[in-house]
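Report on one structure; see the data block that follows.
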Amino acid sequence: MFINESTLDEVWSFRLSQLSVFIYICIFAFILITLTSAIIILTPIRNYLPGYLPVEVRKEILMNALKADSLEEKITIQSGYIKNISNILSGNIPIDTIPYNDTMSYATSNYDIPRSDRESAYIRKFEEEEKYNLTALNTNPPRTDIFFYRPLNGIVSSTFNEEKGHLGIDLTSAPKENVIATLDGTVIYAGFDLKYGNVISLQHKNDFISIYKHNDILLKEVGERVIAGEAIGIVGNTGELSTGPHLHFELWHNGVPVNPEEYIAF
């Protein structure tokens with residue numbers, strides 16, 4: 001109770017009990033916790049508390065630590081390498097006594113390990129199966145310094161895929177376009193195939209063979225010599241495997257199909 005000393009009148013009074021004191025303390029604690037949490041969450045002060053860094057910042061710190069560790073290891077290896085080179089140039093250490101520091105990326109080869117019976121049997125079986133494989137004939141890589149003409153002025157609609165059995169590329173164009181020889185050569189086949197329609201094949205120098213399928217008309221016969229860029233057929237839609245006017249073009253080297261796009265700019 002608050003009393004005015006001059007008039008002795010009661011100014012203000014209130015009563016406290018155990019329950020009211022407990023309620024006031026709880027309300028004060030709740031307000032204090034709410035204000036503290038709001039300050040931590042809504043202000044930059046939260047960044048100074050452990051565990052409150054954003055995920056991106058923690059991830060960046062971890063990546064920087066890993067990079068620093070890798071860089072330290074590389075610096076150690078590089079320092080040892082430079083020290084060895086310096087000692088060799090100054091004549092302080094023989095070349096054969098240099099230790100190799102990067103043990104993670106270096107492994108000595110031991111070619112004296114004997115083969116097991118199982119390994120020897122597998123090798124003999126593999127060699128027997130691959131004896132007549134045509135890929136063994138391709139001992140020399142095909143040359144890339146030869147100029148090839150584009151066999152057809154069209155767009156590549158299907159690329160080379162040896163795994164799926166598509167051993168060439170498909171070129172689509174307008175009907176009645178000329179099919180031209182990609183290199184100088186001799187016609188070694190010109191005829192009709194049920195699947196591929198009118199087909200013509202040319203033998204070229206440097207062990208290359210070019211094959212042109214699904215032609216409407218063939219302009220050359222077997223044994224004729226052709227010049228690079230000369231018309232040898234008319235693009236068509238012949239054969240069971242054709243779905244429209246296009247040319248299926250294959251390029252072979254030493255009995256092995258190669259990707260024509262590696263030699264010709266289509």
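Going through the structure tokens in order, the chains are called A, B, and so on, while each chain numbers its residues from 1 and the ligands are numbered from 1 in the order shown.
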Open item on the list: as a ChimeraX atom specification, please: the residues near stretch 213-228 of chain A (cut-off 8 Å, only C-alpha atoms, same-chain neighbours under 4 positions excluded).
Closed with: /A:148-149,176,180-190,196-200,232-239,242,246-249
With C-alpha atoms retained, write the just-selected residues as an mmCIF file, in the first residue's frame.
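The file below, again37.cif, is the result:
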data_model
loop_
_atom_site.group_PDB
_atom_site.id
_atom_site.type_symbol
_atom_site.label_atom_id
_atom_site.label_comp_id
_atom_site.auth_asym_id
_atom_site.auth_seq_id
_atom_site.Cartn_x
_atom_site.Cartn_y
_atom_site.Cartn_z
ATOM 1 C CA PHE A 148 37.290 -36.384 -97.849
ATOM 2 C CA TYR A 149 34.389 -34.950 -99.837
ATOM 3 C CA LYS A 176 17.047 -36.604 -106.323
ATOM 4 C CA ILE A 180 29.217 -38.195 -104.743
ATOM 5 C CA ALA A 181 32.402 -40.176 -104.169
ATOM 6 C CA THR A 182 34.210 -39.112 -101.032
ATOM 7 C CA LEU A 183 37.659 -40.068 -102.468
ATOM 8 C CA ASP A 184 39.231 -41.235 -105.703
ATOM 9 C CA GLY A 185 38.670 -44.959 -106.090
ATOM 10 C CA THR A 186 37.283 -47.951 -107.936
ATOM 11 C CA VAL A 187 33.771 -49.386 -107.778
ATOM 12 C CA ILE A 188 33.990 -52.823 -106.168
ATOM 13 C CA TYR A 189 30.233 -53.406 -105.738
ATOM 14 C CA ALA A 190 27.119 -51.978 -107.342
ATOM 15 C CA TYR A 196 19.600 -51.617 -98.083
ATOM 16 C CA GLY A 197 18.254 -51.094 -101.585
ATOM 17 C CA ASN A 198 20.688 -49.920 -104.288
ATOM 18 C CA VAL A 199 24.191 -50.091 -102.797
ATOM 19 C CA ILE A 200 27.521 -48.991 -104.251
ATOM 20 C CA ILE A 232 27.953 -42.034 -108.346
ATOM 21 C CA GLY A 233 24.231 -42.231 -107.535
ATOM 22 C CA ILE A 234 20.973 -40.456 -106.710
ATOM 23 C CA VAL A 235 19.703 -40.352 -103.148
ATOM 24 C CA GLY A 236 16.591 -42.475 -102.674
ATOM 25 C CA ASN A 237 14.368 -44.497 -100.395
ATOM 26 C CA THR A 238 15.074 -48.079 -101.458
ATOM 27 C CA GLY A 239 15.362 -51.096 -99.195
ATOM 28 C CA SER A 242 14.734 -47.117 -95.294
ATOM 29 C CA HIS A 246 18.315 -40.478 -97.162
ATOM 30 C CA LEU A 247 21.807 -41.880 -97.609
ATOM 31 C CA HIS A 248 23.381 -44.391 -95.263
ATOM 32 C CA PHE A 249 27.131 -43.797 -95.540
#
TODO: Could you please write out, as a list in words, every residue of stretch 118-240 of chain A that DSSP assigns to alpha helix (DSSP H)?
DONE: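 Checking each residue of stretch 118-240 of chain A, the alpha helix (DSSP H) ones are Arg118, Glu119, Ser120, Ala121, Tyr122, Ile123, Arg124, Lys125, Phe126, Glu127, Glu128 and Glu129 of chain A.
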TODO: State, in Å with one decimal place, the distance from atom CA of A:Asn259 to atom CA of A:Glu128.
DONE: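 A separation of 28.2 Å between them.
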TODO: Give me the residues within 10 Å of stretch 153-168 of chain A as a PyMOL selection string, counting only C-alpha atoms and dropping any in the same chain fewer than 6 places off.
DONE: chain A and resi 174+177-180+210-212+246-252+256-261+266
Task: stretch 63-252 of chain A: residues DSSP assigns to strand (DSSP E or B), reported as a PyMOL selection string - done: chain A and resi 155-158+161+166+169-172+178-180+185-193+197-204+208-218+225-226+231-236+246-252
